[in-house]
$ cat coords.pdb   # PDB, C-alpha atoms
ATOM      1  CA  MET L   1       7.847  -6.749  -4.957
ATOM      2  CA  ILE L   2      10.543  -4.957  -2.940
ATOM      3  CA  PHE L   3      10.977  -2.427  -5.769
ATOM      4  CA  ALA L   4       7.224  -1.760  -5.795
ATOM      5  CA  ALA L   5       7.245  -1.187  -2.028
ATOM      6  CA  ILE L   6      10.230   1.190  -2.288
ATOM      7  CA  ALA L   7       8.607   3.189  -5.120
ATOM      8  CA  ALA L   8       5.265   3.419  -3.278
ATOM      9  CA  ALA L   9       7.021   4.434  -0.029
ATOM     10  CA  PHE L  10       8.974   7.113  -1.906
ATOM     11  CA  TYR L  11       5.755   8.561  -3.337
ATOM     12  CA  THR L  12       4.036   8.432   0.070
ATOM     13  CA  VAL L  13       6.919  10.294   1.731
ATOM     14  CA  PHE L  14       6.864  12.908  -1.031
ATOM     15  CA  LEU L  15       3.110  13.426  -0.558
ATOM     16  CA  ALA L  16       3.589  13.766   3.201
ATOM     17  CA  ILE L  17       6.349  16.340   2.711
ATOM     18  CA  GLN L  18       4.320  18.281   0.145
ATOM     19  CA  THR L  19       1.055  18.362   2.090
ATOM     20  CA  THR L  20       2.137  18.652   5.723
ATOM     21  CA  ARG L  21       5.437  19.746   7.197
ATOM     22  CA  HIS L  22       7.183  21.393   4.230
ATOM     23  CA  GLN L  23       4.325  22.948   2.246
ATOM     24  CA  ALA L  24       6.320  26.173   1.950
ATOM     25  CA  PHE L  25       8.859  24.418  -0.304
ATOM     26  CA  PHE L  26       6.152  24.012  -2.938
ATOM     27  CA  ALA L  27       4.432  27.414  -2.603
ATOM     28  CA  GLN L  28       4.845  30.103  -5.250
ATOM     29  CA  PRO L  29       7.071  32.873  -3.790
ATOM     30  CA  VAL L  30       5.268  36.171  -3.275
ATOM     31  CA  PRO L  31       7.052  39.157  -4.877
ATOM     32  CA  GLU L  32       7.887  41.885  -2.357
ATOM     33  CA  ASP L  33       6.198  44.617  -4.400
ATOM     34  CA  ALA L  34       2.961  42.670  -4.930
ATOM     35  CA  GLU L  35      -0.199  43.572  -3.105
ATOM     36  CA  GLU L  36      -1.302  40.939  -0.623
ATOM     37  CA  ASP L  37      -4.957  40.979  -1.724
ATOM     38  CA  ALA L  38      -4.073  40.543  -5.390
ATOM     39  CA  LEU L  39      -2.324  37.239  -4.692
ATOM     40  CA  ALA L  40      -4.855  35.821  -2.253
ATOM     41  CA  PRO L  41      -6.434  32.621  -3.581
ATOM     42  CA  VAL L  42      -9.924  33.023  -4.925
ATOM     43  CA  ILE L  43     -12.193  30.175  -3.849
ATOM     44  CA  ARG L  44     -15.390  29.931  -5.803
ATOM     45  CA  GLU L  45     -18.397  28.019  -4.580
ATOM     46  CA  SER L  46     -18.025  25.467  -7.387
ATOM     47  CA  GLU L  47     -14.378  24.790  -6.464
ATOM     48  CA  SER L  48     -14.957  24.166  -2.773
ATOM     49  CA  HIS L  49     -16.065  20.529  -3.093
ATOM     50  CA  GLY L  50     -14.552  18.110  -0.647
ATOM     51  CA  LEU L  51     -12.559  14.933  -1.036
ATOM     52  CA  LEU L  52     -15.735  12.833  -1.301
ATOM     53  CA  PHE L  53     -16.562  14.704  -4.516
ATOM     54  CA  HIS L  54     -13.090  14.668  -6.084
ATOM     55  CA  ILE L  55     -12.290  10.954  -5.637
ATOM     56  CA  PRO L  56     -15.406   9.703  -7.523
ATOM     57  CA  MET L  57     -14.862  12.373 -10.191
ATOM     58  CA  LEU L  58     -11.267  11.190 -10.623
ATOM     59  CA  LEU L  59     -12.492   7.618 -11.089
ATOM     60  CA  VAL L  60     -15.221   8.713 -13.541
ATOM     61  CA  THR L  61     -12.727  10.650 -15.671
ATOM     62  CA  LEU L  62     -10.141   7.864 -15.582
ATOM     63  CA  LEU L  63     -12.573   5.129 -16.610
ATOM     64  CA  PRO L  64     -12.825   6.170 -20.305
ATOM     65  CA  ILE L  65      -9.021   6.429 -20.492
ATOM     66  CA  VAL L  66      -8.586   2.909 -19.124
ATOM     67  CA  ILE L  67     -11.236   1.525 -21.494
ATOM     68  CA  LEU L  68      -9.754   3.295 -24.540
ATOM     69  CA  ALA L  69      -6.142   2.408 -23.640
ATOM     70  CA  GLU L  70      -6.408  -1.144 -24.999
ATOM     71  CA  TYR L  71      -7.755   0.055 -28.344
ATOM     72  CA  LEU L  72      -5.155   2.807 -28.540
ATOM     73  CA  ALA L  73      -2.388   0.253 -27.880
ATOM     74  CA  VAL L  74      -3.599  -1.859 -30.820
ATOM     75  CA  ILE L  75      -3.496   1.175 -33.139
ATOM     76  CA  ILE L  76      -0.019   2.199 -31.953
ATOM     77  CA  ASP L  77       1.353  -1.349 -32.240
ATOM     78  CA  PHE L  78      -0.114  -1.726 -35.742
ATOM     79  CA  GLY L  79       1.436   1.578 -36.855
ATOM     80  CA  ILE L  80       4.844   0.663 -35.442
ATOM     81  CA  GLU L  81       4.784  -2.811 -37.002
ATOM     82  CA  LYS L  82       3.476  -1.583 -40.379
ATOM     83  CA  ASN L  83       6.167   1.122 -40.668
ATOM     84  CA  ASP L  84       8.945  -1.131 -39.287
ATOM     85  CA  LEU L  85       9.717   1.249 -36.405
ATOM     86  CA  PRO L  86      11.459   0.284 -33.138
ATOM     87  CA  ASP L  87       9.264  -1.259 -30.436
ATOM     88  CA  ALA L  88      10.422   1.304 -27.857
ATOM     89  CA  LEU L  89       8.649   4.005 -29.863
ATOM     90  CA  GLY L  90       5.311   2.651 -28.576
ATOM     91  CA  GLY L  91       6.317   3.510 -25.014
ATOM     92  CA  ILE L  92       7.407   7.000 -26.091
ATOM     93  CA  VAL L  93       4.083   7.633 -27.862
ATOM     94  CA  VAL L  94       2.095   6.467 -24.814
ATOM     95  CA  ALA L  95       4.274   8.586 -22.507
ATOM     96  CA  LEU L  96       3.694  11.638 -24.730
ATOM     97  CA  ILE L  97      -0.065  11.085 -24.660
ATOM     98  CA  VAL L  98      -0.083  10.670 -20.879
ATOM     99  CA  LEU L  99       2.301  13.526 -20.061
ATOM    100  CA  THR L 100       1.143  16.124 -22.608
ATOM    101  CA  PRO L 101      -1.479  17.772 -20.325
ATOM    102  CA  GLU L 102       1.025  18.151 -17.468
ATOM    103  CA  GLY L 103       3.733  19.301 -19.868
ATOM    104  CA  LEU L 104       1.516  22.000 -21.385
ATOM    105  CA  THR L 105       0.420  23.135 -17.920
ATOM    106  CA  ALA L 106       4.046  23.347 -16.783
ATOM    107  CA  MET L 107       5.073  25.313 -19.892
ATOM    108  CA  ARG L 108       2.154  27.707 -19.465
ATOM    109  CA  ALA L 109       3.076  28.274 -15.813
ATOM    110  CA  ALA L 110       6.736  28.874 -16.737
ATOM    111  CA  ALA L 111       5.705  31.328 -19.467
ATOM    112  CA  ASN L 112       3.660  33.223 -16.838
ATOM    113  CA  ASN L 113       6.750  33.352 -14.570
ATOM    114  CA  LYS L 114       5.251  30.878 -12.097
ATOM    115  CA  LEU L 115       8.278  28.610 -12.032
ATOM    116  CA  GLN L 116       7.426  26.961  -8.725
ATOM    117  CA  ARG L 117       4.084  25.819 -10.117
ATOM    118  CA  SER L 118       5.854  24.553 -13.238
ATOM    119  CA  VAL L 119       8.318  22.521 -11.147
ATOM    120  CA  ASN L 120       5.487  21.215  -8.934
ATOM    121  CA  VAL L 121       3.522  19.940 -11.937
ATOM    122  CA  CYS L 122       6.542  18.242 -13.533
ATOM    123  CA  LEU L 123       7.807  16.786 -10.263
ATOM    124  CA  GLY L 124       4.364  15.550  -9.225
ATOM    125  CA  SER L 125       3.766  13.959 -12.619
ATOM    126  CA  SER L 126       7.098  12.144 -12.743
ATOM    127  CA  LEU L 127       6.840  10.982  -9.133
ATOM    128  CA  ALA L 128       3.299   9.713  -9.706
ATOM    129  CA  THR L 129       4.589   7.731 -12.684
ATOM    130  CA  LEU L 130       7.412   6.200 -10.659
ATOM    131  CA  GLY L 131       5.595   5.905  -7.359
ATOM    132  CA  LEU L 132       2.236   4.628  -8.577
ATOM    133  CA  THR L 133       2.505   3.159 -12.081
ATOM    134  CA  ILE L 134       5.501   0.909 -11.467
ATOM    135  CA  PRO L 135       4.107  -0.587  -8.235
ATOM    136  CA  ALA L 136       0.707  -1.077  -9.898
ATOM    137  CA  VAL L 137       2.264  -2.943 -12.851
ATOM    138  CA  LEU L 138       4.400  -5.078 -10.529
ATOM    139  CA  VAL L 139       1.416  -5.939  -8.320
ATOM    140  CA  VAL L 140      -0.694  -6.889 -11.356
ATOM    141  CA  GLY L 141       2.205  -9.041 -12.584
ATOM    142  CA  LEU L 142       2.401 -10.705  -9.182
ATOM    143  CA  ILE L 143      -1.349 -11.388  -9.129
ATOM    144  CA  ALA L 144      -1.259 -12.719 -12.708
ATOM    145  CA  ASN L 145       1.840 -14.803 -11.855
ATOM    146  CA  THR L 146       3.839 -13.110 -14.641
ATOM    147  CA  ASP L 147       7.475 -12.026 -14.517
ATOM    148  CA  ILE L 148       7.805  -8.277 -15.063
ATOM    149  CA  HIS L 149      11.100  -6.923 -16.358
ATOM    150  CA  LEU L 150      12.148  -3.287 -16.564
ATOM    151  CA  GLY L 151      13.205  -3.937 -20.156
ATOM    152  CA  LEU L 152      16.349  -1.798 -20.182
ATOM    153  CA  THR L 153      19.510  -2.705 -22.041
ATOM    154  CA  GLY L 154      22.888  -2.067 -20.451
ATOM    155  CA  LEU L 155      23.272   1.227 -22.315
ATOM    156  CA  GLU L 156      19.764   2.378 -21.307
ATOM    157  CA  THR L 157      20.535   1.481 -17.681
ATOM    158  CA  VAL L 158      23.636   3.715 -17.834
ATOM    159  CA  LEU L 159      21.486   6.534 -19.270
ATOM    160  CA  LEU L 160      18.918   6.028 -16.496
ATOM    161  CA  VAL L 161      21.586   6.193 -13.770
ATOM    162  CA  LEU L 162      23.131   9.300 -15.364
ATOM    163  CA  THR L 163      19.698  10.944 -15.569
ATOM    164  CA  LEU L 164      18.924  10.176 -11.924
ATOM    165  CA  GLY L 165      22.349  11.533 -10.876
ATOM    166  CA  LEU L 166      21.794  14.674 -12.943
ATOM    167  CA  ALA L 167      18.328  15.119 -11.421
ATOM    168  CA  ALA L 168      19.825  14.787  -7.920
ATOM    169  CA  LEU L 169      22.363  17.508  -8.742
ATOM    170  CA  THR L 170      19.695  19.735 -10.273
ATOM    171  CA  PHE L 171      17.185  19.472  -7.424
ATOM    172  CA  GLY L 172      19.811  19.275  -4.673
ATOM    173  CA  GLY L 173      21.424  22.601  -5.525
ATOM    174  CA  VAL L 174      20.413  26.044  -4.342
ATOM    175  CA  ARG L 175      19.645  27.296  -7.858
ATOM    176  CA  THR L 176      18.889  25.571 -11.127
ATOM    177  CA  THR L 177      20.680  26.992 -14.149
ATOM    178  CA  VAL L 178      19.975  27.003 -17.864
ATOM    179  CA  LEU L 179      23.041  24.809 -18.360
ATOM    180  CA  GLN L 180      21.548  22.072 -16.158
ATOM    181  CA  GLY L 181      18.306  22.231 -18.150
ATOM    182  CA  LEU L 182      20.300  21.947 -21.385
ATOM    183  CA  VAL L 183      22.118  18.862 -20.095
ATOM    184  CA  HIS L 184      18.737  17.262 -19.246
ATOM    185  CA  LEU L 185      17.535  17.958 -22.794
ATOM    186  CA  LEU L 186      20.750  16.509 -24.237
ATOM    187  CA  MET L 187      20.267  13.321 -22.182
ATOM    188  CA  PHE L 188      16.739  13.021 -23.579
ATOM    189  CA  ALA L 189      18.059  13.591 -27.115
ATOM    190  CA  CYS L 190      20.633  10.799 -26.561
ATOM    191  CA  TYR L 191      17.816   8.470 -25.498
ATOM    192  CA  LEU L 192      15.774   9.300 -28.621
ATOM    193  CA  VAL L 193      18.804   8.707 -30.874
ATOM    194  CA  LEU L 194      19.424   5.335 -29.203
ATOM    195  CA  VAL L 195      15.779   4.315 -29.751
ATOM    196  CA  PHE L 196      16.184   4.672 -33.517
ATOM    197  CA  SER L 197      19.815   3.493 -33.837
ATOM    198  CA  PRO L 198      20.804   1.334 -30.841
TER     199      PRO L 198
END
$ encode --input "coords.pdb" --output "structure tokens"
Amino acid sequence: MIFAAIAAAFYTVFLAIQTTRHQAFFAQPVPEDAEEDALAPVIRESESHGLLFHIPMLLVTLLPIVILAEYLAVIIDFGIEKNDLPDALGGIVVALIVLTPEGLTAMRAAANNKLQRSVNVCLGSSLATLGLTIPAVLVVGLIANTDIHLGLTGLETVLLVLTLGLAALTFGGVRTTVLQGLVHLLMFACYLVLVFSP
């Protein structure tokens, strides 16, 4: 329960930083030669709905995903068992399904030279996963009186710690380089290799 509280507090602090005091850290830099009017946000009438509109719409769009998730899990588990694949592959497939929209949005933003938007999407998605999903699973486990384990082997724990340290170096520096991005990709490749041959 302590881990759930820490993860939820971390996400809450991030939201507070992003939406109040340090909004400028997450804003797309304005090029010096760009015209001010060209970069001004365009607010259409249909986009100006308030919070009371967006929260119910979020719930309405999430409901089919939650209902279909159980059936999708059965299909994925059957495919993994039938083809004698590692169990961890199920988590990777689910993660790919969940993160594909954010990943495509981030890649599109990066291709359009809007790197801050790309970082915001990736950072927000990963923090939501850590700060909301893990506490939710732990709380459900607590309510159902079930022990929840992170499910990492010793080697996977080392990879997780290395990844978190690398992320701290990447985001803590003044500039992010291509070499740092390559090291992140290599860490992910190591994880994929270990899934198939532990």
$ residues_around --input "coords.pdb" --residues "segment 149-155 of chain L" --least-positions-apart "6" --cutoff "12 Å" --atoms "only C-alpha atoms" --output "PyMOL selection string"
chain L and resi 1+3-4+87-88+91+134-135+137-138+141-142+161-162+190-191+194-195+198
$ write_last_selection --input "coords.pdb" --atoms "C-alpha atoms" --output "short mmCIF file (atom, residue, chain, number, x, y, z; two decimals), keeping the file's coordinate frame"
data_model
loop_
_atom_site.label_atom_id
_atom_site.label_comp_id
_atom_site.auth_asym_id
_atom_site.auth_seq_id
_atom_site.Cartn_x
_atom_site.Cartn_y
_atom_site.Cartn_z
CA MET L 1 7.85 -6.75 -4.96
CA PHE L 3 10.98 -2.43 -5.77
CA ALA L 4 7.22 -1.76 -5.80
CA ASP L 87 9.26 -1.26 -30.44
CA ALA L 88 10.42 1.30 -27.86
CA GLY L 91 6.32 3.51 -25.01
CA ILE L 134 5.50 0.91 -11.47
CA PRO L 135 4.11 -0.59 -8.24
CA VAL L 137 2.26 -2.94 -12.85
CA LEU L 138 4.40 -5.08 -10.53
CA GLY L 141 2.20 -9.04 -12.58
CA LEU L 142 2.40 -10.70 -9.18
CA VAL L 161 21.59 6.19 -13.77
CA LEU L 162 23.13 9.30 -15.36
CA CYS L 190 20.63 10.80 -26.56
CA TYR L 191 17.82 8.47 -25.50
CA LEU L 194 19.42 5.34 -29.20
CA VAL L 195 15.78 4.32 -29.75
CA PRO L 198 20.80 1.33 -30.84
#
$ residues_around --input "coords.pdb" --residues "Val94 of chain L" --least-positions-apart "2" --cutoff "12 Å" --atoms "all atoms listed in the file" --output "ChimeraX atom specification"
/L:65,69-70,72-77,87-92,96-100
$ atom_distance --input "coords.pdb" --atom1 "atom CA of Thr146 of chain L" --atom2 "atom CA of Thr133 of chain L"
16.5 Å
$ closest_residue --input "coords.pdb" --among "L:Thr105, L:Asn120, L:Met57, L:Phe196" --to "Pro86 of chain L" --atoms "only C-alpha atoms"
L:Phe196
$ residues_around --input "coords.pdb" --residues "Gly103 of chain L" --least-positions-apart "4" --cutoff "10 Å" --atoms "only C-alpha atoms" --output "list of chain:residue names"
L:Leu96, L:Val98, L:Leu99, L:Met107, L:Arg108, L:Ala109, L:Ser118, L:Val121, L:Cys122, L:Ser125
$ resolve_selection --input "coords.pdb" --expression "the PyMOL selection byres ((chain L and resi 167) around 12)" --output "CSV table (one decimal) with C-alpha atoms, in the coordinates of the input"
chain,number,residue,atom,x,y,z
L,123,LEU,CA,7.8,16.8,-10.3
L,126,SER,CA,7.1,12.1,-12.7
L,160,LEU,CA,18.9,6.0,-16.5
L,161,VAL,CA,21.6,6.2,-13.8
L,162,LEU,CA,23.1,9.3,-15.4
L,163,THR,CA,19.7,10.9,-15.6
L,164,LEU,CA,18.9,10.2,-11.9
L,165,GLY,CA,22.3,11.5,-10.9
L,166,LEU,CA,21.8,14.7,-12.9
L,168,ALA,CA,19.8,14.8,-7.9
L,169,LEU,CA,22.4,17.5,-8.7
L,170,THR,CA,19.7,19.7,-10.3
L,171,PHE,CA,17.2,19.5,-7.4
L,172,GLY,CA,19.8,19.3,-4.7
L,173,GLY,CA,21.4,22.6,-5.5
L,176,THR,CA,18.9,25.6,-11.1
L,180,GLN,CA,21.5,22.1,-16.2
L,181,GLY,CA,18.3,22.2,-18.2
L,183,VAL,CA,22.1,18.9,-20.1
L,184,HIS,CA,18.7,17.3,-19.2
L,185,LEU,CA,17.5,18.0,-22.8
L,187,MET,CA,20.3,13.3,-22.2
$ decode --input "coords.pdb" --residues "segment 75-109 of chain L" --atoms "N, CA, C and O atoms" --output "compact mmCIF listing (two decimals), in the first residue's frame"
# COMPACT_ATOMS: atom_id res chain seq x y z
N ILE L 75 -7.83 -14.13 -25.61
CA ILE L 75 -7.26 -14.39 -26.94
C ILE L 75 -5.74 -14.39 -26.89
O ILE L 75 -5.08 -15.26 -27.45
N ILE L 76 -5.18 -13.39 -26.18
CA ILE L 76 -3.71 -13.29 -26.08
C ILE L 76 -3.15 -14.49 -25.34
O ILE L 76 -2.17 -15.11 -25.78
N ASP L 77 -3.77 -14.84 -24.20
CA ASP L 77 -3.29 -16.00 -23.43
C ASP L 77 -3.37 -17.29 -24.24
O ASP L 77 -2.46 -18.12 -24.19
N PHE L 78 -4.45 -17.47 -25.00
CA PHE L 78 -4.60 -18.67 -25.82
C PHE L 78 -3.50 -18.73 -26.88
O PHE L 78 -2.88 -19.77 -27.10
N GLY L 79 -3.23 -17.58 -27.53
CA GLY L 79 -2.19 -17.54 -28.56
C GLY L 79 -0.81 -17.83 -27.99
O GLY L 79 -0.01 -18.56 -28.60
N ILE L 80 -0.53 -17.30 -26.81
CA ILE L 80 0.78 -17.53 -26.18
C ILE L 80 0.93 -18.99 -25.78
O ILE L 80 1.97 -19.61 -26.01
N GLU L 81 -0.14 -19.55 -25.20
CA GLU L 81 -0.08 -20.95 -24.75
C GLU L 81 -0.01 -21.90 -25.95
O GLU L 81 0.76 -22.86 -25.94
N LYS L 82 -0.79 -21.62 -26.99
CA LYS L 82 -0.83 -22.50 -28.17
C LYS L 82 0.52 -22.54 -28.89
O LYS L 82 0.94 -23.58 -29.39
N ASN L 83 1.20 -21.38 -28.96
CA ASN L 83 2.48 -21.30 -29.67
C ASN L 83 3.68 -21.48 -28.75
O ASN L 83 4.82 -21.26 -29.18
N ASP L 84 3.43 -21.84 -27.48
CA ASP L 84 4.50 -22.10 -26.51
C ASP L 84 5.46 -20.91 -26.40
O ASP L 84 6.68 -21.06 -26.44
N LEU L 85 4.89 -19.73 -26.25
CA LEU L 85 5.69 -18.50 -26.11
C LEU L 85 5.81 -18.13 -24.63
O LEU L 85 5.02 -18.60 -23.80
N PRO L 86 6.78 -17.29 -24.28
CA PRO L 86 6.93 -16.91 -22.86
C PRO L 86 5.74 -16.11 -22.35
O PRO L 86 5.14 -15.32 -23.10
N ASP L 87 5.40 -16.31 -21.07
CA ASP L 87 4.26 -15.62 -20.47
C ASP L 87 4.41 -14.10 -20.50
O ASP L 87 3.43 -13.38 -20.63
N ALA L 88 5.64 -13.62 -20.36
CA ALA L 88 5.89 -12.17 -20.32
C ALA L 88 5.48 -11.49 -21.63
O ALA L 88 5.24 -10.28 -21.65
N LEU L 89 5.39 -12.25 -22.70
CA LEU L 89 4.99 -11.68 -23.99
C LEU L 89 3.58 -11.11 -23.93
O LEU L 89 3.27 -10.14 -24.62
N GLY L 90 2.71 -11.69 -23.09
CA GLY L 90 1.35 -11.17 -22.94
C GLY L 90 1.36 -9.73 -22.44
O GLY L 90 0.62 -8.88 -22.94
N GLY L 91 2.21 -9.45 -21.46
CA GLY L 91 2.33 -8.08 -20.96
C GLY L 91 2.85 -7.13 -22.02
O GLY L 91 2.41 -5.98 -22.11
N ILE L 92 3.79 -7.59 -22.84
CA ILE L 92 4.35 -6.74 -23.91
C ILE L 92 3.28 -6.43 -24.93
O ILE L 92 3.15 -5.28 -25.39
N VAL L 93 2.48 -7.43 -25.31
CA VAL L 93 1.41 -7.22 -26.30
C VAL L 93 0.39 -6.22 -25.76
O VAL L 93 -0.03 -5.29 -26.47
N VAL L 94 -0.02 -6.38 -24.50
CA VAL L 94 -0.99 -5.45 -23.90
C VAL L 94 -0.40 -4.04 -23.84
O VAL L 94 -1.07 -3.05 -24.16
N ALA L 95 0.88 -3.94 -23.44
CA ALA L 95 1.53 -2.63 -23.38
C ALA L 95 1.58 -1.97 -24.76
O ALA L 95 1.35 -0.77 -24.90
N LEU L 96 1.86 -2.77 -25.79
CA LEU L 96 1.89 -2.22 -27.16
C LEU L 96 0.51 -1.71 -27.58
O LEU L 96 0.39 -0.65 -28.19
N ILE L 97 -0.53 -2.47 -27.24
CA ILE L 97 -1.89 -2.04 -27.59
C ILE L 97 -2.24 -0.74 -26.87
O ILE L 97 -2.79 0.18 -27.47
N VAL L 98 -1.88 -0.66 -25.59
CA VAL L 98 -2.23 0.51 -24.79
C VAL L 98 -1.42 1.74 -25.21
O VAL L 98 -1.95 2.85 -25.30
N LEU L 99 -0.13 1.54 -25.49
CA LEU L 99 0.76 2.68 -25.73
C LEU L 99 0.89 3.07 -27.20
O LEU L 99 1.51 4.09 -27.49
N THR L 100 0.32 2.30 -28.12
CA THR L 100 0.46 2.62 -29.54
C THR L 100 -0.10 4.01 -29.90
O THR L 100 0.56 4.76 -30.61
N PRO L 101 -1.29 4.40 -29.43
CA PRO L 101 -1.77 5.74 -29.80
C PRO L 101 -0.83 6.86 -29.34
O PRO L 101 -0.52 7.78 -30.11
N GLU L 102 -0.35 6.77 -28.09
CA GLU L 102 0.57 7.80 -27.60
C GLU L 102 1.89 7.75 -28.36
O GLU L 102 2.48 8.79 -28.67
N GLY L 103 2.36 6.54 -28.66
CA GLY L 103 3.62 6.41 -29.39
C GLY L 103 3.54 7.01 -30.78
O GLY L 103 4.45 7.73 -31.21
N LEU L 104 2.43 6.75 -31.49
CA LEU L 104 2.27 7.32 -32.83
C LEU L 104 2.14 8.84 -32.77
O LEU L 104 2.70 9.55 -33.61
N THR L 105 1.42 9.34 -31.75
CA THR L 105 1.30 10.79 -31.59
C THR L 105 2.65 11.42 -31.32
O THR L 105 3.00 12.47 -31.89
N ALA L 106 3.45 10.78 -30.47
CA ALA L 106 4.79 11.31 -30.15
C ALA L 106 5.69 11.29 -31.38
O ALA L 106 6.43 12.25 -31.63
N MET L 107 5.62 10.21 -32.17
CA MET L 107 6.47 10.14 -33.38
C MET L 107 6.05 11.17 -34.41
O MET L 107 6.88 11.79 -35.07
N ARG L 108 4.73 11.39 -34.53
CA ARG L 108 4.24 12.40 -35.47
C ARG L 108 4.70 13.80 -35.05
O ARG L 108 5.12 14.61 -35.87
N ALA L 109 4.63 14.07 -33.74
CA ALA L 109 5.07 15.37 -33.24
C ALA L 109 6.57 15.56 -33.46
O ALA L 109 7.01 16.64 -33.87
